[in-house]
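Chemist: Quick one: the structure is below, and I'll ask about it shortly.
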Amino acid sequence: MLLLITNYLEQFYSGFNVFQYLTLRAILGTITALVLSLIIGPSMIRKLTSYKIGQQVRDDGPQTHLSKAGTPTMGGSLILISIAISTLLWSDLDNHQMWVALTVTLLFGLIGGIDDYKKLVYGNSKGLSAKAKYFWQTVFGLGAAILLYQLADTPIETSLIMPFLKDVVIEMGWFFIVFTYFVIVGSSNAVNLTDGLDGLAVMPTVMVAGALGVFAYATGHATFADYLGIPYVSGVGELAIFCGSMVGAGLGFLWFNTYPAQVFMGDVGALALGAALGVVAVLVRQEIVLLIMGGVFVMETVSVILQVGSFKLTGKRIFRMAPLHHHFELKGWPEPRVIVRFWIITVVLVLIGLASLKVR
């Protein structure tokens, strides 16, 4: 929106041309989302508290969590508002990649929001049924996958790129739709499973989103893409602004969500942010890199799969409790120690993912 205004003002003063630069708009998008989160956050927390939209805590989990009962949740709506406003303010509104990413994020946020609302306002502990939740994730995920397949202008946009291996490109054809669906829905659920401790999910999301923003900028820049040996996808550079907005909104939310949390994200934030990471990874052709950088999300998901599978097959549990962060809590690790160590792991994995830009 502001890009249209600065384009108009450029005819009166050439200095407004500076807003054509993606790097500047990405920085401004990050700052805008951060400031919006910090401004809106306190009033939103008060409103959620007044509505008694408080977190329900399992009594079979770590006993230290019982004190968190009643803490306002659905705070992920703060993240979504900040992302949407910032992205729309600083992005090129004619860019279809931006609209796809933002729409998928908001739609998955809608699923999580309905789930949270049913749990907290109507006192329905189950919220949306698993079937209903997965149905709508499938509808939106598959819809996005089909749309991206139809919008693809070049074969590279539907090919699988292998990191660290030069010139290894696998043309997926129609299988791109299936693959994209699993990336978006899988990423959404993985972040949701990770969101169990104060700040545990949001900070890795911020770091991965920032790294994907770097990939978006490089992939959308013909010269940089050629130099780095990565695929060039026209227009995808605008996603750097969307990723920057995710970083700013996430950091703003972390201001209130850091231990001990004043507000929790809820499914409205976790499902949306996971889907956002998935769809951006697809658009910048770095799905495998997302798997690497989001290793914390992966191991949390795998821990649940292994735990459920082991219990059904043998009647025994592998971990004291799943997802994995609860296992370490029950081993006696203080919550901040679990959180920070998972953050450190993410830093290392993100650096490995960024290294794939040049190590080929």
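As shown in the structure tokens, the chain order sets the letters A, B, ...; within each chain, residues go from 1, and ligands are also counted from 1 in the order they appear.
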From a DSSP pass on the backbone, collect the residues of stretch 49-191 of chain A flagged as helix (DSSP H, G or I) and hand them back as a VMD selection string.
Modeler: chain A and resid 49 to 50 63 to 68 76 to 90 96 to 120 130 to 151 155 to 158 175 to 191
Chemist: Among the residues of stretch 76-272 of chain A, find those DSSP assigns to strand (DSSP E) from the backbone and print them as a list in words.
Modeler: Ser159, Leu160, Ile161, Val169, Ile170 and Glu171 of chain A
Chemist: Go ahead and save the picked residues with N, CA, C and O atoms, as an mmCIF file, in the first residue's frame.
Modeler:
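Contents of selection.cif, freshly written:
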data_model
loop_
_atom_site.group_PDB
_atom_site.id
_atom_site.type_symbol
_atom_site.label_atom_id
_atom_site.label_comp_id
_atom_site.auth_asym_id
_atom_site.auth_seq_id
_atom_site.Cartn_x
_atom_site.Cartn_y
_atom_site.Cartn_z
ATOM 1 N N SER A 159 9.902 -28.043 -9.136
ATOM 2 C CA SER A 159 10.976 -29.030 -9.015
ATOM 3 C C SER A 159 11.515 -29.056 -7.591
ATOM 4 O O SER A 159 11.436 -28.064 -6.863
ATOM 5 N N LEU A 160 12.053 -30.188 -7.202
ATOM 6 C CA LEU A 160 12.647 -30.340 -5.877
ATOM 7 C C LEU A 160 14.136 -30.053 -5.962
ATOM 8 O O LEU A 160 14.860 -30.681 -6.741
ATOM 9 N N ILE A 161 14.583 -29.081 -5.179
ATOM 10 C CA ILE A 161 15.987 -28.676 -5.164
ATOM 11 C C ILE A 161 16.678 -29.339 -3.976
ATOM 12 O O ILE A 161 16.199 -29.258 -2.840
ATOM 13 N N VAL A 169 18.381 -31.402 -9.476
ATOM 14 C CA VAL A 169 17.014 -30.886 -9.526
ATOM 15 C C VAL A 169 16.094 -32.016 -9.973
ATOM 16 O O VAL A 169 16.337 -32.655 -10.992
ATOM 17 N N ILE A 170 15.053 -32.272 -9.187
ATOM 18 C CA ILE A 170 14.111 -33.345 -9.497
ATOM 19 C C ILE A 170 12.775 -32.736 -9.901
ATOM 20 O O ILE A 170 12.106 -32.085 -9.096
ATOM 21 N N GLU A 171 12.392 -32.933 -11.168
ATOM 22 C CA GLU A 171 11.112 -32.424 -11.646
ATOM 23 C C GLU A 171 9.985 -33.283 -11.078
ATOM 24 O O GLU A 171 9.933 -34.488 -11.311
#
Chemist: Kindly assemble as a tab-separated table a list of the stretch 229-280 of chain A residues that lie within 8 Å of stretch 24-31 of chain A, each paired with its nearest atom pair and their distance in Å to one decimal, using only C-alpha atoms, sorted first by chain and then by ascending residue number.
Modeler:
residue	atom	partner	partner_atom	distance
A:Ala240	CA	A:Ala26	CA	5.8
A:Ile241	CA	A:Ala26	CA	4.2
A:Phe242	CA	A:Gly29	CA	7.6
A:Cys243	CA	A:Ala26	CA	7.9
A:Gly244	CA	A:Thr30	CA	4.5
A:Ser245	CA	A:Thr30	CA	4.6
A:Met246	CA	A:Thr30	CA	7.3
A:Val247	CA	A:Thr30	CA	6.2
A:Gly248	CA	A:Thr30	CA	4.4
A:Ala249	CA	A:Thr30	CA	7.4
Chemist: Given the selection you just returned, output its residues as a file containing N, CA, C and O atoms, formatted as a PDB file, in the first residue's frame.
Modeler:
ATOM      1  N   ALA A 240      10.460 -11.578   1.201  1.00  0.00           N
ATOM      2  CA  ALA A 240      11.386 -11.110   2.237  1.00  0.00           C
ATOM      3  C   ALA A 240      10.660 -10.164   3.186  1.00  0.00           C
ATOM      4  O   ALA A 240      10.953 -10.128   4.393  1.00  0.00           O
ATOM      5  N   ILE A 241       9.699  -9.413   2.659  1.00  0.00           N
ATOM      6  CA  ILE A 241       8.916  -8.495   3.491  1.00  0.00           C
ATOM      7  C   ILE A 241       7.968  -9.287   4.396  1.00  0.00           C
ATOM      8  O   ILE A 241       7.820  -8.995   5.586  1.00  0.00           O
ATOM      9  N   PHE A 242       7.340 -10.305   3.831  1.00  0.00           N
ATOM     10  CA  PHE A 242       6.456 -11.165   4.618  1.00  0.00           C
ATOM     11  C   PHE A 242       7.242 -11.850   5.733  1.00  0.00           C
ATOM     12  O   PHE A 242       6.793 -11.895   6.889  1.00  0.00           O
ATOM     13  N   CYS A 243       8.410 -12.361   5.398  1.00  0.00           N
ATOM     14  CA  CYS A 243       9.255 -13.023   6.413  1.00  0.00           C
ATOM     15  C   CYS A 243       9.729 -12.027   7.465  1.00  0.00           C
ATOM     16  O   CYS A 243       9.780 -12.346   8.657  1.00  0.00           O
ATOM     17  N   GLY A 244      10.081 -10.831   7.016  1.00  0.00           N
ATOM     18  CA  GLY A 244      10.483  -9.792   7.965  1.00  0.00           C
ATOM     19  C   GLY A 244       9.354  -9.447   8.922  1.00  0.00           C
ATOM     20  O   GLY A 244       9.577  -9.233  10.122  1.00  0.00           O
ATOM     21  N   SER A 245       8.139  -9.420   8.394  1.00  0.00           N
ATOM     22  CA  SER A 245       6.975  -9.145   9.241  1.00  0.00           C
ATOM     23  C   SER A 245       6.774 -10.261  10.261  1.00  0.00           C
ATOM     24  O   SER A 245       6.391 -10.009  11.415  1.00  0.00           O
ATOM     25  N   MET A 246       7.025 -11.512   9.846  1.00  0.00           N
ATOM     26  CA  MET A 246       6.943 -12.635  10.784  1.00  0.00           C
ATOM     27  C   MET A 246       7.978 -12.484  11.895  1.00  0.00           C
ATOM     28  O   MET A 246       7.686 -12.743  13.077  1.00  0.00           O
ATOM     29  N   VAL A 247       9.169 -12.068  11.525  1.00  0.00           N
ATOM     30  CA  VAL A 247      10.234 -11.878  12.516  1.00  0.00           C
ATOM     31  C   VAL A 247       9.845 -10.788  13.516  1.00  0.00           C
ATOM     32  O   VAL A 247       9.928 -10.984  14.740  1.00  0.00           O
ATOM     33  N   GLY A 248       9.400  -9.639  13.001  1.00  0.00           N
ATOM     34  CA  GLY A 248       9.028  -8.537  13.890  1.00  0.00           C
ATOM     35  C   GLY A 248       7.857  -8.884  14.781  1.00  0.00           C
ATOM     36  O   GLY A 248       7.880  -8.622  15.994  1.00  0.00           O
ATOM     37  N   ALA A 249       6.814  -9.499  14.198  1.00  0.00           N
ATOM     38  CA  ALA A 249       5.635  -9.867  14.979  1.00  0.00           C
ATOM     39  C   ALA A 249       5.983 -10.923  16.021  1.00  0.00           C
ATOM     40  O   ALA A 249       5.492 -10.879  17.157  1.00  0.00           O
TER      41      ALA A 249
END
Chemist: Just the number, please: distance in Å from atom CA of A:Leu271 to atom CA of A:Phe319, one decimal.
Modeler: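 Distance reported for this atom pair: 24.5 Å.
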Chemist: Which distance in Å separates atom CA of A:Thr105 and atom CA of A:Glu157, to one decimal?
Modeler: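 These atoms are spaced 20.4 Å apart.
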Chemist: For A:Gly76, find every residue with an atom within 9 Å (counting only C-alpha atoms), except residues of its own chain fewer than 4 positions away, and show them as a PDB file with C-alpha atoms, in the first residue's frame.
Modeler:
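Everything below was put into out_1.pdb:
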ATOM      1  CA  LEU A  80      -1.378 -12.430  12.747  1.00  0.00           C
ATOM      2  CA  ILE A  81      -2.668  -8.863  12.990  1.00  0.00           C
ATOM      3  CA  GLY A 109      -4.980 -19.094  11.785  1.00  0.00           C
ATOM      4  CA  GLY A 113      -8.806 -19.601  16.231  1.00  0.00           C
ATOM      5  CA  PHE A 253       4.945 -11.456  20.852  1.00  0.00           C
ATOM      6  CA  PHE A 264       0.131 -17.882  25.254  1.00  0.00           C
ATOM      7  CA  MET A 265       0.042 -18.241  21.481  1.00  0.00           C
ATOM      8  CA  GLY A 266      -2.695 -20.836  21.177  1.00  0.00           C
ATOM      9  CA  ASP A 267      -3.511 -22.793  18.039  1.00  0.00           C
ATOM     10  CA  VAL A 268      -4.480 -19.566  16.265  1.00  0.00           C
ATOM     11  CA  GLY A 269      -0.806 -18.616  16.194  1.00  0.00           C
ATOM     12  CA  ALA A 270       0.946 -21.976  16.065  1.00  0.00           C
ATOM     13  CA  ALA A 272      -0.727 -20.201  11.204  1.00  0.00           C
ATOM     14  CA  LEU A 273       3.005 -19.701  11.720  1.00  0.00           C
TER      15      LEU A 273
END
Chemist: Quick one: of A:Ile111, A:Val279, A:Ala261, A:Leu239, who's nearest to A:Leu148, counting only C-alpha atoms?
Modeler: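 Residue with the minimum atom-to-atom distance to A:Leu148: A:Val279.
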Chemist: Excluding A:Leu38 and residues on its chain fewer than 4 positions from it, collect all residues at most 12 Å away from it, counting only C-alpha atoms, and give them as a ChimeraX atom specification.
Modeler: /A:31-34,42-45,78-79,81-82,248-257
Chemist: Go ahead and write the selection's residues with N, CA, C and O atoms as a PDB file, in the first residue's frame.
Modeler:
ATOM      1  N   ILE A  31      10.306  -3.830  11.472  1.00  0.00           N
ATOM      2  CA  ILE A  31      10.137  -2.827  12.534  1.00  0.00           C
ATOM      3  C   ILE A  31       8.655  -2.517  12.748  1.00  0.00           C
ATOM      4  O   ILE A  31       8.190  -2.411  13.894  1.00  0.00           O
ATOM      5  N   THR A  32       7.913  -2.392  11.659  1.00  0.00           N
ATOM      6  CA  THR A  32       6.482  -2.080  11.763  1.00  0.00           C
ATOM      7  C   THR A  32       5.744  -3.167  12.538  1.00  0.00           C
ATOM      8  O   THR A  32       4.947  -2.884  13.441  1.00  0.00           O
ATOM      9  N   ALA A  33       6.005  -4.431  12.184  1.00  0.00           N
ATOM     10  CA  ALA A  33       5.333  -5.543  12.861  1.00  0.00           C
ATOM     11  C   ALA A  33       5.720  -5.599  14.344  1.00  0.00           C
ATOM     12  O   ALA A  33       4.874  -5.868  15.205  1.00  0.00           O
ATOM     13  N   LEU A  34       6.987  -5.329  14.632  1.00  0.00           N
ATOM     14  CA  LEU A  34       7.454  -5.332  16.025  1.00  0.00           C
ATOM     15  C   LEU A  34       6.762  -4.243  16.835  1.00  0.00           C
ATOM     16  O   LEU A  34       6.240  -4.498  17.933  1.00  0.00           O
ATOM     17  N   PRO A  42      -0.373  -5.105  25.104  1.00  0.00           N
ATOM     18  CA  PRO A  42      -0.947  -4.920  26.449  1.00  0.00           C
ATOM     19  C   PRO A  42      -2.471  -4.856  26.462  1.00  0.00           C
ATOM     20  O   PRO A  42      -3.118  -5.468  27.323  1.00  0.00           O
ATOM     21  N   SER A  43      -3.055  -4.105  25.526  1.00  0.00           N
ATOM     22  CA  SER A  43      -4.517  -3.991  25.501  1.00  0.00           C
ATOM     23  C   SER A  43      -5.166  -5.320  25.131  1.00  0.00           C
ATOM     24  O   SER A  43      -6.224  -5.681  25.650  1.00  0.00           O
ATOM     25  N   MET A  44      -4.522  -6.076  24.227  1.00  0.00           N
ATOM     26  CA  MET A  44      -5.077  -7.374  23.851  1.00  0.00           C
ATOM     27  C   MET A  44      -5.025  -8.345  25.030  1.00  0.00           C
ATOM     28  O   MET A  44      -5.977  -9.104  25.258  1.00  0.00           O
ATOM     29  N   ILE A  45      -3.933  -8.337  25.782  1.00  0.00           N
ATOM     30  CA  ILE A  45      -3.818  -9.218  26.947  1.00  0.00           C
ATOM     31  C   ILE A  45      -4.896  -8.869  27.976  1.00  0.00           C
ATOM     32  O   ILE A  45      -5.536  -9.757  28.560  1.00  0.00           O
ATOM     33  N   LEU A  78      -2.466 -11.684  17.938  1.00  0.00           N
ATOM     34  CA  LEU A  78      -1.618 -10.483  17.925  1.00  0.00           C
ATOM     35  C   LEU A  78      -0.567 -10.597  16.832  1.00  0.00           C
ATOM     36  O   LEU A  78      -0.299  -9.629  16.098  1.00  0.00           O
ATOM     37  N   ILE A  79       0.032 -11.789  16.703  1.00  0.00           N
ATOM     38  CA  ILE A  79       1.038 -12.023  15.659  1.00  0.00           C
ATOM     39  C   ILE A  79       0.422 -11.870  14.279  1.00  0.00           C
ATOM     40  O   ILE A  79       0.997 -11.215  13.395  1.00  0.00           O
ATOM     41  N   ILE A  81      -2.297 -10.249  13.289  1.00  0.00           N
ATOM     42  CA  ILE A  81      -2.668  -8.863  12.990  1.00  0.00           C
ATOM     43  C   ILE A  81      -1.440  -8.066  12.574  1.00  0.00           C
ATOM     44  O   ILE A  81      -1.462  -7.315  11.581  1.00  0.00           O
ATOM     45  N   SER A  82      -0.354  -8.229  13.314  1.00  0.00           N
ATOM     46  CA  SER A  82       0.876  -7.481  13.025  1.00  0.00           C
ATOM     47  C   SER A  82       1.470  -7.889  11.683  1.00  0.00           C
ATOM     48  O   SER A  82       1.917  -7.040  10.902  1.00  0.00           O
ATOM     49  N   GLY A 248       9.400  -9.639  13.001  1.00  0.00           N
ATOM     50  CA  GLY A 248       9.028  -8.537  13.890  1.00  0.00           C
ATOM     51  C   GLY A 248       7.857  -8.884  14.781  1.00  0.00           C
ATOM     52  O   GLY A 248       7.880  -8.622  15.994  1.00  0.00           O
ATOM     53  N   ALA A 249       6.814  -9.499  14.198  1.00  0.00           N
ATOM     54  CA  ALA A 249       5.635  -9.867  14.979  1.00  0.00           C
ATOM     55  C   ALA A 249       5.983 -10.923  16.021  1.00  0.00           C
ATOM     56  O   ALA A 249       5.492 -10.879  17.157  1.00  0.00           O
ATOM     57  N   GLY A 250       6.844 -11.866  15.636  1.00  0.00           N
ATOM     58  CA  GLY A 250       7.248 -12.915  16.570  1.00  0.00           C
ATOM     59  C   GLY A 250       8.037 -12.365  17.741  1.00  0.00           C
ATOM     60  O   GLY A 250       7.825 -12.753  18.893  1.00  0.00           O
ATOM     61  N   LEU A 251       8.958 -11.451  17.454  1.00  0.00           N
ATOM     62  CA  LEU A 251       9.746 -10.842  18.531  1.00  0.00           C
ATOM     63  C   LEU A 251       8.858 -10.000  19.442  1.00  0.00           C
ATOM     64  O   LEU A 251       9.040  -9.984  20.666  1.00  0.00           O
ATOM     65  N   GLY A 252       7.897  -9.294  18.835  1.00  0.00           N
ATOM     66  CA  GLY A 252       6.971  -8.504  19.640  1.00  0.00           C
ATOM     67  C   GLY A 252       6.142  -9.388  20.560  1.00  0.00           C
ATOM     68  O   GLY A 252       5.908  -9.055  21.732  1.00  0.00           O
ATOM     69  N   PHE A 253       5.717 -10.520  20.036  1.00  0.00           N
ATOM     70  CA  PHE A 253       4.945 -11.456  20.852  1.00  0.00           C
ATOM     71  C   PHE A 253       5.811 -12.057  21.951  1.00  0.00           C
ATOM     72  O   PHE A 253       5.351 -12.239  23.085  1.00  0.00           O
ATOM     73  N   LEU A 254       7.066 -12.339  21.630  1.00  0.00           N
ATOM     74  CA  LEU A 254       7.981 -12.924  22.612  1.00  0.00           C
ATOM     75  C   LEU A 254       8.186 -11.995  23.801  1.00  0.00           C
ATOM     76  O   LEU A 254       8.451 -12.450  24.921  1.00  0.00           O
ATOM     77  N   TRP A 255       8.049 -10.695  23.579  1.00  0.00           N
ATOM     78  CA  TRP A 255       8.154  -9.716  24.668  1.00  0.00           C
ATOM     79  C   TRP A 255       7.180 -10.054  25.795  1.00  0.00           C
ATOM     80  O   TRP A 255       7.481  -9.893  26.973  1.00  0.00           O
ATOM     81  N   PHE A 256       6.002 -10.552  25.409  1.00  0.00           N
ATOM     82  CA  PHE A 256       4.972 -10.897  26.386  1.00  0.00           C
ATOM     83  C   PHE A 256       4.931 -12.400  26.687  1.00  0.00           C
ATOM     84  O   PHE A 256       4.393 -12.808  27.715  1.00  0.00           O
ATOM     85  N   ASN A 257       5.517 -13.204  25.819  1.00  0.00           N
ATOM     86  CA  ASN A 257       5.426 -14.654  25.937  1.00  0.00           C
ATOM     87  C   ASN A 257       6.648 -15.267  26.608  1.00  0.00           C
ATOM     88  O   ASN A 257       6.642 -16.449  26.942  1.00  0.00           O
TER      89      ASN A 257
END
